[in-house]
file target.tsv (TSV, C-alpha atoms and all ligand atoms)
chain	number	residue	atom	x	y	z
J	44	MET	CA	-4.96	15.85	18.90
J	45	ILE	CA	-7.02	17.02	15.91
J	46	CYS	CA	-5.28	18.32	12.78
J	47	ASP	CA	-7.56	19.27	9.90
J	48	SER	CA	-10.08	16.37	9.60
J	49	TYR	CA	-7.70	13.87	11.19
J	50	ILE	CA	-7.22	12.56	14.70
J	51	ILE	CA	-3.65	11.79	15.80
J	52	GLU	CA	-2.95	9.71	18.91
J	53	GLU	CA	-1.13	12.06	21.28
J	54	GLU	CA	-0.25	9.73	24.13
J	55	LYS	CA	2.30	7.61	22.27
J	56	LEU	CA	3.70	10.72	20.57
J	57	ILE	CA	4.23	12.65	23.81
J	58	GLY	CA	5.74	9.61	25.55
J	59	GLU	CA	8.17	8.99	22.70
J	60	VAL	CA	9.26	12.63	22.41
J	61	LEU	CA	9.72	13.09	26.17
J	62	SER	CA	11.80	9.92	26.34
J	63	LEU	CA	14.45	11.25	23.93
J	64	PRO	CA	17.55	11.66	26.10
J	65	LYS	CA	19.29	14.68	24.44
J	66	PRO	CA	18.49	18.24	25.67
J	67	ARG	CA	17.36	19.52	22.23
J	68	PRO	CA	16.69	16.37	20.20
J	69	THR	CA	16.33	16.34	16.43
J	70	ILE	CA	13.21	14.88	14.84
J	71	LEU	CA	12.68	14.20	11.14
J	72	ILE	CA	8.98	14.09	10.26
J	73	GLN	CA	7.75	12.35	7.14
J	74	ALA	CA	4.24	12.09	5.71
J	75	PRO	CA	2.74	10.87	2.44
J	76	GLU	CA	1.68	13.59	-0.01
J	77	GLY	CA	-1.93	13.74	1.15
J	78	LEU	CA	-0.90	14.25	4.78
J	79	LYS	CA	1.94	16.76	4.35
J	80	LYS	CA	-0.73	19.42	4.98
J	81	LEU	CA	-0.66	18.28	8.64
J	82	TYR	CA	3.03	19.23	9.06
J	83	LYS	CA	2.43	22.65	10.64
J	84	CYS	CA	-0.24	21.39	13.04
J	85	LEU	CA	1.95	18.47	14.15
J	86	GLY	CA	5.10	20.63	14.32
J	87	ASP	CA	3.39	23.26	16.50
J	88	PHE	CA	2.09	20.53	18.80
J	89	LEU	CA	5.57	18.98	19.12
J	90	ARG	CA	7.14	22.35	19.91
J	91	GLY	CA	4.66	22.66	22.77
J	92	ILE	CA	5.99	19.44	24.32
J	93	ARG	CA	9.65	20.43	24.58
J	94	GLU	CA	12.47	22.21	22.75
J	95	LEU	CA	13.17	20.36	19.51
J	96	GLU	CA	15.05	20.66	16.22
J	97	LEU	CA	12.42	19.73	13.62
J	98	TYR	CA	12.89	18.73	9.99
J	99	PHE	CA	9.94	18.06	7.67
J	100	SER	CA	10.69	15.75	4.76
J	101	LEU	CA	9.39	16.99	1.41
J	102	SER	CA	10.46	13.88	-0.48
J	103	PRO	CA	7.76	11.62	-1.84
J	104	SER	CA	6.51	9.01	0.59
J	105	TYR	CA	4.36	6.18	-0.64
J	106	GLY	CA	4.01	4.25	2.58
J	107	ALA	CA	5.83	2.95	5.63
J	108	CYS	CA	7.93	1.00	3.09
J	109	ASP	CA	9.52	4.33	2.20
J	110	ILE	CA	11.28	5.77	5.29
J	111	PRO	CA	13.66	8.66	4.29
J	112	VAL	CA	16.90	6.94	5.34
J	113	ASP	CA	18.94	8.99	2.86
J	114	GLU	CA	17.86	12.27	4.50
J	115	ALA	CA	18.32	10.74	7.95
J	116	PHE	CA	21.90	9.80	6.98
J	117	HIS	CA	22.76	13.52	6.83
J	118	ILE	CA	20.37	14.93	9.44
J	119	ARG	CA	21.11	12.13	11.95
J	120	PRO	CA	17.80	12.56	13.81
J	121	ASP	CA	17.20	11.20	17.29
J	122	LEU	CA	13.78	10.13	16.06
J	123	ILE	CA	11.96	9.76	12.73
J	124	ILE	CA	8.21	10.22	12.90
J	125	HIS	CA	6.43	8.54	10.00
J	126	LEU	CA	2.93	9.92	9.84
J	127	GLY	CA	-0.01	7.99	8.43
J	128	HIS	CA	0.98	4.32	8.57
J	129	LEU	CA	1.87	1.55	10.97
J	130	GLU	CA	5.21	-0.22	10.63
J	131	TYR	CA	5.58	-2.05	7.29
J	132	LYS	CA	5.36	-5.72	8.19
J	133	LEU	CA	6.82	-7.01	4.93
J	134	SER	CA	10.10	-5.13	5.35
J	135	GLU	CA	13.22	-7.28	5.02
J	136	VAL	CA	15.57	-4.43	5.97
J	137	LYS	CA	16.33	-3.23	9.48
J	138	ILE	CA	16.47	0.56	9.63
J	139	PRO	CA	19.15	1.86	12.00
J	140	TRP	CA	17.06	4.77	13.29
J	141	ARG	CA	14.51	5.08	16.02
J	142	ILE	CA	11.15	5.43	14.26
J	143	LEU	CA	7.72	6.26	15.58
J	144	TYR	CA	4.99	5.10	13.20
J	145	LEU	CA	2.13	7.45	13.93
J	146	PRO	CA	-1.18	6.63	12.24
J	147	VAL	CA	-3.75	9.34	11.62
J	148	TYR	CA	-7.48	8.69	11.52
J	149	TYR	CA	-9.75	10.43	9.06
J	150	ASN	CA	-12.67	11.60	11.14
J	151	ILE	CA	-15.94	12.39	9.44
J	152	GLU	CA	-19.48	11.27	10.13
J	153	VAL	CA	-20.83	9.12	7.31
J	154	PRO	CA	-24.12	10.69	6.13
J	155	GLN	CA	-27.22	8.67	7.07
J	156	LYS	CA	-28.28	8.39	3.42
J	157	THR	CA	-24.89	6.84	2.57
J	158	LEU	CA	-25.16	4.32	5.40
J	159	LEU	CA	-28.57	3.36	4.02
J	160	GLU	CA	-27.10	3.07	0.53
J	161	VAL	CA	-24.32	0.78	1.83
J	162	ALA	CA	-26.85	-1.46	3.61
J	163	ARG	CA	-29.12	-1.59	0.56
J	164	THR	CA	-26.21	-2.42	-1.75
J	165	LEU	CA	-25.16	-5.33	0.47
J	166	GLN	CA	-28.76	-6.52	0.84
J	167	ALA	CA	-29.27	-6.42	-2.94
J	168	LYS	CA	-26.35	-8.84	-3.25
J	169	ASN	CA	-27.93	-11.07	-0.63
J	170	TRP	CA	-24.85	-10.84	1.59
J	171	ARG	CA	-25.66	-11.59	5.23
J	172	THR	CA	-22.18	-12.12	6.63
J	173	ILE	CA	-19.77	-9.40	5.65
J	174	ALA	CA	-16.40	-8.01	6.70
J	175	VAL	CA	-15.48	-4.34	6.59
J	176	VAL	CA	-11.78	-3.89	5.83
J	177	ASN	CA	-9.74	-0.74	5.46
J	178	PRO	CA	-6.31	0.92	5.57
J	179	VAL	CA	-5.46	2.33	9.01
J	180	THR	CA	-6.41	5.93	8.11
J	181	GLU	CA	-10.04	4.96	7.59
J	182	ALA	CA	-10.27	2.87	10.81
J	183	LEU	CA	-12.66	5.23	12.64
J	184	ILE	CA	-15.07	5.43	9.74
J	185	ALA	CA	-14.95	1.68	9.13
J	186	GLY	CA	-15.70	1.14	12.82
J	187	ARG	CA	-18.77	3.39	12.61
J	188	ILE	CA	-20.02	1.53	9.52
J	189	ARG	CA	-19.52	-1.83	11.30
J	190	VAL	CA	-21.73	-0.65	14.18
J	191	TYR	CA	-24.40	0.57	11.75
J	192	LEU	CA	-24.41	-2.70	9.79
J	193	LEU	CA	-24.63	-4.78	12.97
J	194	GLU	CA	-27.64	-2.73	14.06
J	195	ALA	CA	-29.13	-3.20	10.59
J	196	GLY	CA	-29.04	-6.98	11.12
J	197	PHE	CA	-25.87	-8.02	9.25
J	198	ARG	CA	-23.36	-10.44	10.70
J	199	VAL	CA	-20.12	-8.44	10.65
J	200	LEU	CA	-16.72	-10.11	10.98
J	201	GLU	CA	-13.85	-7.99	12.24
J	202	PRO	CA	-10.24	-8.24	11.03
J	203	VAL	CA	-7.62	-9.17	13.64
J	204	PRO	CA	-7.19	-6.03	15.85
J	205	GLY	CA	-4.34	-3.85	14.62
J	206	GLU	CA	-4.31	-5.39	11.12
J	207	PHE	CA	-5.10	-3.21	8.11
J	208	ILE	CA	-4.90	-3.69	4.36
J	209	LEU	CA	-2.11	-2.18	2.23
J	210	GLY	CA	-1.83	-1.99	-1.54
J	211	CYS	CA	0.59	-4.93	-1.41
J	212	ASP	CA	-0.81	-6.81	1.59
J	213	TYR	CA	-4.41	-7.95	1.80
J	214	SER	CA	-3.76	-10.65	4.41
J	215	PRO	CA	-6.25	-9.14	6.94
J	216	MET	CA	-8.96	-9.64	4.32
J	217	LEU	CA	-7.72	-13.00	3.03
J	218	LYS	CA	-7.89	-14.47	6.55
J	219	MET	CA	-11.70	-14.06	6.40
J	220	ILE	CA	-12.33	-14.82	2.75
J	221	ASP	CA	-13.88	-18.27	3.37
J	222	ARG	CA	-16.18	-17.04	6.14
J	223	VAL	CA	-17.94	-14.07	4.52
J	224	ASP	CA	-20.45	-13.53	1.74
J	225	GLY	CA	-18.63	-10.36	0.74
J	226	PHE	CA	-16.39	-7.44	1.75
J	227	LEU	CA	-16.95	-3.75	2.16
J	228	ILE	CA	-13.67	-1.88	1.57
J	229	VAL	CA	-13.58	1.56	3.20
J	230	ALA	CA	-10.76	3.51	1.55
J	231	GLY	CA	-10.11	6.67	-0.43
J	232	GLY	CA	-9.72	6.42	-4.20
J	233	VAL	CA	-9.28	3.39	-6.42
J	234	PHE	CA	-5.95	2.03	-5.12
J	235	HIS	CA	-6.94	-0.25	-2.21
J	236	PRO	CA	-10.31	-1.49	-3.57
J	237	LEU	CA	-8.70	-2.37	-6.91
J	238	GLY	CA	-6.07	-4.57	-5.23
J	239	ALA	CA	-8.77	-6.24	-3.11
J	240	ALA	CA	-10.74	-7.07	-6.24
J	241	PHE	CA	-7.75	-9.04	-7.62
J	242	TYR	CA	-8.62	-11.69	-5.01
J	243	THR	CA	-12.41	-11.83	-5.12
J	244	ASP	CA	-15.34	-10.31	-6.98
J	245	LYS	CA	-17.35	-10.12	-3.77
J	246	ILE	CA	-16.36	-6.53	-3.10
J	247	VAL	CA	-18.17	-3.25	-2.60
J	248	ALA	CA	-16.18	-0.09	-1.83
J	249	TYR	CA	-17.00	3.09	0.05
J	250	ASP	CA	-14.84	6.18	-0.50
J	251	PRO	CA	-15.43	8.50	2.49
J	252	TYR	CA	-13.52	11.39	0.87
J	253	ARG	CA	-15.95	11.55	-2.05
J	254	ASP	CA	-18.87	9.98	-0.16
J	255	VAL	CA	-19.34	7.42	-2.93
J	256	VAL	CA	-20.35	3.75	-2.77
J	257	TRP	CA	-18.91	1.97	-5.81
J	258	ASN	CA	-17.90	-1.37	-7.30
J	259	PRO	CA	-14.22	-1.94	-8.17
J	260	VAL	CA	-14.77	-5.38	-9.73
J	261	GLU	CA	-15.21	-4.23	-13.32
J	262	GLU	CA	-12.03	-2.13	-13.27
J	263	ALA	CA	-10.10	-4.99	-11.63
J	264	SER	CA	-11.20	-7.51	-14.24
J	265	ARG	CA	-10.29	-5.05	-17.02
J	266	VAL	CA	-6.80	-4.72	-15.49
J	267	VAL	CA	-6.41	-8.49	-15.00
J	268	ARG	CA	-7.53	-9.17	-18.60
J	269	LYS	CA	-4.88	-6.74	-19.82
J	270	ARG	CA	-2.19	-8.36	-17.66
J	271	MET	CA	-3.22	-11.83	-18.92
J	272	PHE	CA	-3.03	-10.62	-22.51
J	273	THR	CA	0.53	-9.34	-21.93
J	274	LEU	CA	1.52	-12.69	-20.41
J	275	ALA	CA	-0.06	-14.58	-23.35
J	276	GLN	CA	1.97	-12.44	-25.78
J	277	LEU	CA	5.17	-13.17	-23.84
J	278	ARG	CA	4.39	-16.92	-23.87
J	279	ASN	CA	4.15	-16.78	-27.65
J	280	GLN	CA	7.53	-15.22	-28.34
J	281	PRO	CA	11.13	-16.29	-27.75
J	282	LEU	CA	12.36	-14.68	-24.50
J	283	ARG	CA	16.05	-13.98	-24.11
J	284	ARG	CA	16.62	-11.24	-21.60
J	285	ALA	CA	14.96	-9.57	-18.61
J	286	VAL	CA	15.82	-6.76	-16.22
J	287	VAL	CA	14.94	-7.12	-12.55
J	288	VAL	CA	14.40	-3.87	-10.63
J	289	ALA	CA	15.44	-4.02	-6.96
J	290	GLY	CA	13.86	-1.35	-4.77
J	291	GLY	CA	16.00	1.41	-3.27
J	292	ARG	CA	13.57	2.36	-0.50
J	293	PRO	CA	14.17	0.41	2.71
J	294	GLY	CA	10.90	-1.56	2.84
J	295	GLN	CA	10.95	-2.06	-0.92
J	296	TYR	CA	14.30	-3.84	-1.05
J	297	ARG	CA	13.10	-7.45	-0.95
J	298	ALA	CA	15.98	-9.91	-1.11
J	299	SER	CA	13.62	-12.90	-0.89
J	300	ILE	CA	11.46	-11.67	-3.79
J	301	ILE	CA	14.53	-10.91	-5.91
J	302	GLU	CA	15.65	-14.49	-5.27
J	303	LEU	CA	12.17	-15.83	-6.14
J	304	THR	CA	12.28	-13.83	-9.37
J	305	ARG	CA	15.80	-15.06	-10.22
J	306	ARG	CA	14.59	-18.65	-9.81
J	307	ALA	CA	11.55	-18.06	-12.03
J	308	LEU	CA	13.75	-16.45	-14.69
J	309	GLY	CA	16.14	-19.41	-14.43
J	310	GLU	CA	13.20	-21.77	-15.09
J	311	LEU	CA	12.31	-19.67	-18.12
J	312	GLY	CA	15.91	-19.90	-19.34
J	313	VAL	CA	16.14	-16.12	-19.58
J	314	GLU	CA	19.34	-14.16	-18.85
J	315	TYR	CA	18.80	-11.18	-16.57
J	316	TYR	CA	20.41	-8.05	-15.15
J	317	VAL	CA	19.49	-6.55	-11.78
J	318	VAL	CA	19.23	-2.75	-11.48
J	319	SER	CA	18.29	-0.74	-8.41
J	320	ALA	CA	16.07	2.33	-8.24
J	321	SER	CA	14.57	4.32	-5.41
J	322	TYR	CA	11.74	5.77	-7.44
J	323	LEU	CA	10.85	4.21	-10.77
J	324	THR	CA	9.56	6.47	-13.55
J	325	VAL	CA	8.87	6.10	-17.27
J	326	ASP	CA	12.20	7.88	-17.96
J	327	ARG	CA	14.03	5.31	-15.87
J	328	LEU	CA	12.26	2.46	-17.66
J	329	ILE	CA	13.41	3.99	-20.96
J	330	SER	CA	17.00	4.08	-19.60
J	331	ILE	CA	16.68	0.40	-18.69
J	332	ASP	CA	15.48	-0.38	-22.21
J	333	ASP	CA	18.31	1.67	-23.79
J	334	ALA	CA	20.93	-0.06	-21.66
J	335	PHE	CA	19.82	-3.70	-21.73
J	336	LYS	CA	17.21	-4.12	-24.49
J	337	PRO	CA	15.21	-6.61	-22.36
J	338	ASP	CA	12.13	-8.52	-23.54
J	339	PHE	CA	10.48	-7.56	-20.25
J	340	ILE	CA	11.18	-5.84	-16.93
J	341	VAL	CA	10.28	-7.21	-13.48
J	342	VAL	CA	9.67	-4.82	-10.58
J	343	THR	CA	10.37	-6.35	-7.16
J	344	SER	CA	9.93	-3.11	-5.17
J	345	CYS	CA	6.31	-1.95	-5.13
J	346	PRO	CA	4.04	-4.45	-6.91
J	347	ARG	CA	1.55	-1.71	-7.72
J	348	LEU	CA	3.97	0.10	-10.06
J	349	PRO	CA	3.63	-2.35	-13.00
J	350	ILE	CA	-0.15	-2.42	-12.58
J	351	ASP	CA	-1.08	1.19	-11.74
J	352	ASP	CA	1.74	3.23	-13.30
J	353	PHE	CA	3.36	1.26	-16.13
J	354	ILE	CA	0.52	-0.84	-17.56
J	355	ASP	CA	0.80	1.05	-20.86
J	356	PHE	CA	4.62	1.18	-21.09
J	357	TYR	CA	5.80	0.00	-24.52
J	358	LYS	CA	7.70	-2.98	-23.02
J	359	PRO	CA	6.00	-5.41	-20.59
J	360	VAL	CA	6.63	-4.41	-16.96
J	361	LEU	CA	5.73	-7.34	-14.70
J	362	THR	CA	5.20	-8.05	-11.02
J	363	PRO	CA	7.03	-11.01	-9.45
J	364	GLY	CA	3.70	-12.89	-9.33
J	365	GLU	CA	3.30	-12.48	-13.08
J	366	VAL	CA	6.82	-13.83	-13.75
J	367	ILE	CA	5.96	-16.88	-11.65
J	368	MET	CA	2.80	-17.32	-13.76
J	369	LEU	CA	4.92	-17.05	-16.90
J	370	ALA	CA	7.57	-19.51	-15.71
J	371	ARG	CA	5.21	-22.13	-14.30
J	372	GLY	CA	2.27	-21.85	-16.69
J	373	VAL	CA	-0.10	-20.68	-13.94
J	374	GLU	CA	-3.45	-19.52	-15.36
J	375	LYS	CA	-5.01	-17.99	-12.23
J	376	TYR	CA	-3.87	-14.41	-11.64
J	377	VAL	CA	-1.18	-14.26	-8.91
J	378	TYR	CA	-0.83	-11.05	-6.89
J	379	PRO	CA	1.60	-9.75	-5.71
J	380	TRP	CA	4.19	-12.59	-5.58
G	1	LIG	S1	1.74	-0.98	-2.12
G	1	LIG	FE1	3.73	-0.17	-2.64
G	1	LIG	S2	3.80	1.84	-1.67
G	1	LIG	FE2	2.11	0.69	-0.70
G	1	LIG	S3	3.07	-0.26	1.10
G	1	LIG	FE3	3.18	-1.74	-0.58
G	1	LIG	S4	5.22	-1.39	-1.48
G	1	LIG	FE4	4.73	0.38	-0.23

call {"tool": "encode", "arguments": {"input": "target.tsv", "output": "structure tokens"}}
result
Amino acid sequence: MICDSYIIEEEKLIGEVLSLPKPRPTILIQAPEGLKKLYKCLGDFLRGIRELELYFSLSPSYGACDIPVDEAFHIRPDLIIHLGHLEYKLSEVKIPWRILYLPVYYNIEVPQKTLLEVARTLQAKNWRTIAVVNPVTEALIAGRIRVYLLEAGFRVLEPVPGEFILGCDYSPMLKMIDRVDGFLIVAGGVFHPLGAAFYTDKIVAYDPYRDVVWNPVEEASRVVRKRMFTLAQLRNQPLRRAVVVAGGRPGQYRASIIELTRRALGELGVEYYVVSASYLTVDRLISIDDAFKPDFIVVTSCPRLPIDDFIDFYKPVLTPGEVIMLARGVEKYVYPW
């Protein structure tokens, strides 16, 4: 099925919807902001399969870590369709609803001049063996670039089939890091390439939405320098109290990471309070500061929040990896935990 510039796999969708046992089953559909525009197209397609009661979630959705269980609690759907991502592998919480994770694939042809530019950029770096990695949405485009680069004479390593990078999980890339000269990250915007560049400076990025080949390394080292400066300041002051934020979204509630953080804070000799929040904002950070007056705040939900959203907050907001660095005197940047 084609919706807008995206391809959606119909076979799994049809099979799942037809297998729902009730006569007029209820489905709750959820998509991240950028894909909510596909709601009507998907809804019309679903209505063509069988009679359904459809709900479209308007709440924010930042990934498959963020299934709308609170809405499902009231709607009691027979199925939740999460559009745009595969199941979140790092989830520590079992969700008591049937969920279909339905990826969508951005489908554009990469202009010939851009393919040439990609090849020239990699050649200029003298990279012969490369890996092209991407989030699931850009899988089709990444596949086309792999074919082009192979034909252009590069050795191209492929990630394990079905594995894609996330802003908090670069394991598909890290599995190949010792075998490649460099990586091409195919992803929209800054988010995924920036995280990749926390691990290596052998990165080039291609943004198919803007048709731009760019280098995220400079921005990543600026961010890491800023994080290191914050940690150095914390090391040079007496630390008494911290607040640990536990995530309220199902995939973002990480009991093991909260425990890891507690241990690190214990090693630092810092007292701490644990708060929970579904969506963290500057206002909520200010509430935390008003209530507990901490020396720093640790976010155990989404590790990108301290880096992307709260880097300039007036109190240090740390990732679990940064607290471990602080507690154990680690000098090399640790991301995410
Ligand atoms: S980076 Fe954040 S929003 Fe994205 S999958 Fe990880 S926890 Fe969820």

call {"tool": "atom_distance", "arguments": {"input": "target.tsv", "atom1": "atom CA of Pro68 of chain J", "atom2": "atom CA of Lys132 of chain J"}}
result
27.6 Å

call {"tool": "atom_distance", "arguments": {"input": "target.tsv", "atom1": "atom CA of Pro75 of chain J", "atom2": "atom CA of Leu348 of chain J"}}
result
16.5 Å

call {"tool": "residues_near_ligand", "arguments": {"input": "target.tsv", "ligand": "ligand LIG 1 (chain G)", "cutoff": "10 Å", "atoms": "all atoms listed in the file", "output": "MDAnalysis selection string"}}
result
chainID J and resid 75 104:109 128 130:134 208:212 234:235 238 290 292:297 343:348 379

call {"tool": "residues_around", "arguments": {"input": "target.tsv", "residues": "segment 271-281 of chain J", "least_positions_apart": "3", "cutoff": "9 Å", "atoms": "only C-alpha atoms", "output": "list in words"}}
result
Val266, Val267, Arg268, Asp338, Phe339, Pro359, Leu361, Glu365, Val366, Met368, Leu369, Gly372, Glu374 and Tyr376 of chain J

call {"tool": "atom_distance", "arguments": {"input": "target.tsv", "atom1": "atom CA of Arg141 of chain J", "atom2": "atom CA of Asp87 of chain J"}}
result
21.3 Å

call {"tool": "closest_residue", "arguments": {"input": "target.tsv", "among": "J:Phe99, J:Ala239, J:Phe88, J:Asp352", "to": "Leu217 of chain J", "atoms": "only C-alpha atoms"}}
result
J:Ala239

call {"tool": "residues_around", "arguments": {"input": "target.tsv", "residues": "Glu201 of chain J", "least_positions_apart": "3", "cutoff": "8 Å", "atoms": "all atoms listed in the file", "output": "PyMOL selection string"}}
result
chain J and resi 174-176+204

call {"tool": "closest_residue", "arguments": {"input": "target.tsv", "among": "J:Glu206, J:Lys80, J:Val161, J:Asp224", "to": "Asn258 of chain J", "atoms": "all atoms listed in the file"}}
result
J:Val161

call {"tool": "residues_around", "arguments": {"input": "target.tsv", "residues": "Leu237 of chain J", "least_positions_apart": "6", "cutoff": "9 Å", "atoms": "all atoms listed in the file", "output": "MDAnalysis selection string"}}
result
chainID J and resid 210 259:260 262:263

call {"tool": "residues_around", "arguments": {"input": "target.tsv", "residues": "Tyr249 of chain J", "least_positions_apart": "3", "cutoff": "6 Å", "atoms": "only C-alpha atoms", "output": "ChimeraX atom specification"}}
result
/J:229,255-256

call {"tool": "closest_residue", "arguments": {"input": "target.tsv", "among": "J:Pro251, J:Gly196, J:Pro202, J:Pro178", "to": "Ile151 of chain J", "atoms": "all atoms listed in the file"}}
result
J:Pro251

call {"tool": "closest_residue", "arguments": {"input": "target.tsv", "among": "J:Val373, J:Ile220, J:Val286, J:Leu101", "to": "Phe335 of chain J", "atoms": "only C-alpha atoms"}}
result
J:Val286

call {"tool": "closest_residue", "arguments": {"input": "target.tsv", "among": "J:Asp254, J:Asp47, J:Asp221, J:Asp113", "to": "Glu152 of chain J", "atoms": "only C-alpha atoms"}}
result
J:Asp254

call {"tool": "residues_near_point", "arguments": {"input": "target.tsv", "point": "(19.5, 5.1, 10.0)", "cutoff": "12 Å", "atoms": "only C-alpha atoms", "output": "number ranges by chain"}}
result
J: 71, 110-123, 136-142, 293

call {"tool": "closest_residue", "arguments": {"input": "target.tsv", "among": "J:Glu302, J:Glu181, J:Asp355, J:Glu76", "to": "Ser100 of chain J", "atoms": "all atoms listed in the file"}}
result
J:Glu76

call {"tool": "residues_around", "arguments": {"input": "target.tsv", "residues": "Val318 of chain J", "least_positions_apart": "2", "cutoff": "8 Å", "atoms": "all atoms listed in the file", "output": "tab-separated table (two decimals) with C-alpha atoms, in the coordinates of the input"}}
result
chain	number	residue	atom	x	y	z
J	286	VAL	CA	15.82	-6.76	-16.22
J	287	VAL	CA	14.94	-7.12	-12.55
J	288	VAL	CA	14.40	-3.87	-10.63
J	289	ALA	CA	15.44	-4.02	-6.96
J	316	TYR	CA	20.41	-8.05	-15.15
J	320	ALA	CA	16.07	2.33	-8.24

call {"tool": "axis_aligned_box", "arguments": {"input": "target.tsv", "around": "segment 334-343 of chain J", "padding_each_side": "6 Å", "output": "lines of an AutoDock Vina configuration file"}}
result
center_x = 15.3
center_y = -4.3
center_z = -15.8
size_x = 23.3
size_y = 20.5
size_z = 29.3

call {"tool": "decode", "arguments": {"input": "target.tsv", "residues": "segment 299-315 of chain J", "atoms": "N, CA and C atoms", "output": "PDB file, in the first residue's frame"}}
result
ATOM      1  N   SER J 299      16.175  -1.728  35.220  1.00  0.00           N
ATOM      2  CA  SER J 299      17.597  -2.079  35.336  1.00  0.00           C
ATOM      3  C   SER J 299      18.470  -0.822  35.284  1.00  0.00           C
ATOM      4  N   ILE J 300      18.057   0.170  34.504  1.00  0.00           N
ATOM      5  CA  ILE J 300      18.871   1.395  34.395  1.00  0.00           C
ATOM      6  C   ILE J 300      18.677   2.266  35.647  1.00  0.00           C
ATOM      7  N   ILE J 301      17.474   2.228  36.220  1.00  0.00           N
ATOM      8  CA  ILE J 301      17.258   2.958  37.479  1.00  0.00           C
ATOM      9  C   ILE J 301      18.179   2.364  38.550  1.00  0.00           C
ATOM     10  N   GLU J 302      18.252   1.034  38.563  1.00  0.00           N
ATOM     11  CA  GLU J 302      19.098   0.348  39.550  1.00  0.00           C
ATOM     12  C   GLU J 302      20.582   0.709  39.330  1.00  0.00           C
ATOM     13  N   LEU J 303      20.987   0.689  38.056  1.00  0.00           N
ATOM     14  CA  LEU J 303      22.373   1.057  37.701  1.00  0.00           C
ATOM     15  C   LEU J 303      22.687   2.477  38.197  1.00  0.00           C
ATOM     16  N   THR J 304      21.719   3.366  38.007  1.00  0.00           N
ATOM     17  CA  THR J 304      21.890   4.765  38.411  1.00  0.00           C
ATOM     18  C   THR J 304      21.955   4.874  39.931  1.00  0.00           C
ATOM     19  N   ARG J 305      21.060   4.129  40.620  1.00  0.00           N
ATOM     20  CA  ARG J 305      21.086   4.138  42.095  1.00  0.00           C
ATOM     21  C   ARG J 305      22.467   3.731  42.604  1.00  0.00           C
ATOM     22  N   ARG J 306      23.022   2.672  41.965  1.00  0.00           N
ATOM     23  CA  ARG J 306      24.337   2.178  42.420  1.00  0.00           C
ATOM     24  C   ARG J 306      25.413   3.245  42.210  1.00  0.00           C
ATOM     25  N   ALA J 307      25.371   3.883  41.025  1.00  0.00           N
ATOM     26  CA  ALA J 307      26.366   4.922  40.734  1.00  0.00           C
ATOM     27  C   ALA J 307      26.232   6.073  41.729  1.00  0.00           C
ATOM     28  N   LEU J 308      24.994   6.443  42.062  1.00  0.00           N
ATOM     29  CA  LEU J 308      24.790   7.544  43.013  1.00  0.00           C
ATOM     30  C   LEU J 308      25.262   7.139  44.402  1.00  0.00           C
ATOM     31  N   GLY J 309      25.062   5.853  44.730  1.00  0.00           N
ATOM     32  CA  GLY J 309      25.564   5.323  46.009  1.00  0.00           C
ATOM     33  C   GLY J 309      27.082   5.464  46.062  1.00  0.00           C
ATOM     34  N   GLU J 310      27.753   5.122  44.953  1.00  0.00           N
ATOM     35  CA  GLU J 310      29.229   5.226  44.917  1.00  0.00           C
ATOM     36  C   GLU J 310      29.670   6.675  45.075  1.00  0.00           C
ATOM     37  N   LEU J 311      28.838   7.588  44.566  1.00  0.00           N
ATOM     38  CA  LEU J 311      29.175   9.017  44.693  1.00  0.00           C
ATOM     39  C   LEU J 311      28.867   9.556  46.091  1.00  0.00           C
ATOM     40  N   GLY J 312      28.107   8.765  46.862  1.00  0.00           N
ATOM     41  CA  GLY J 312      27.701   9.208  48.197  1.00  0.00           C
ATOM     42  C   GLY J 312      26.667  10.321  48.155  1.00  0.00           C
ATOM     43  N   VAL J 313      25.799  10.254  47.147  1.00  0.00           N
ATOM     44  CA  VAL J 313      24.807  11.321  46.945  1.00  0.00           C
ATOM     45  C   VAL J 313      23.426  10.792  47.337  1.00  0.00           C
ATOM     46  N   GLU J 314      22.643  11.546  48.111  1.00  0.00           N
ATOM     47  CA  GLU J 314      21.270  11.096  48.370  1.00  0.00           C
ATOM     48  C   GLU J 314      20.414  11.398  47.130  1.00  0.00           C
ATOM     49  N   TYR J 315      19.357  10.620  46.932  1.00  0.00           N
ATOM     50  CA  TYR J 315      18.574  10.849  45.715  1.00  0.00           C
ATOM     51  C   TYR J 315      17.096  10.593  45.955  1.00  0.00           C
TER      52      TYR J 315
END
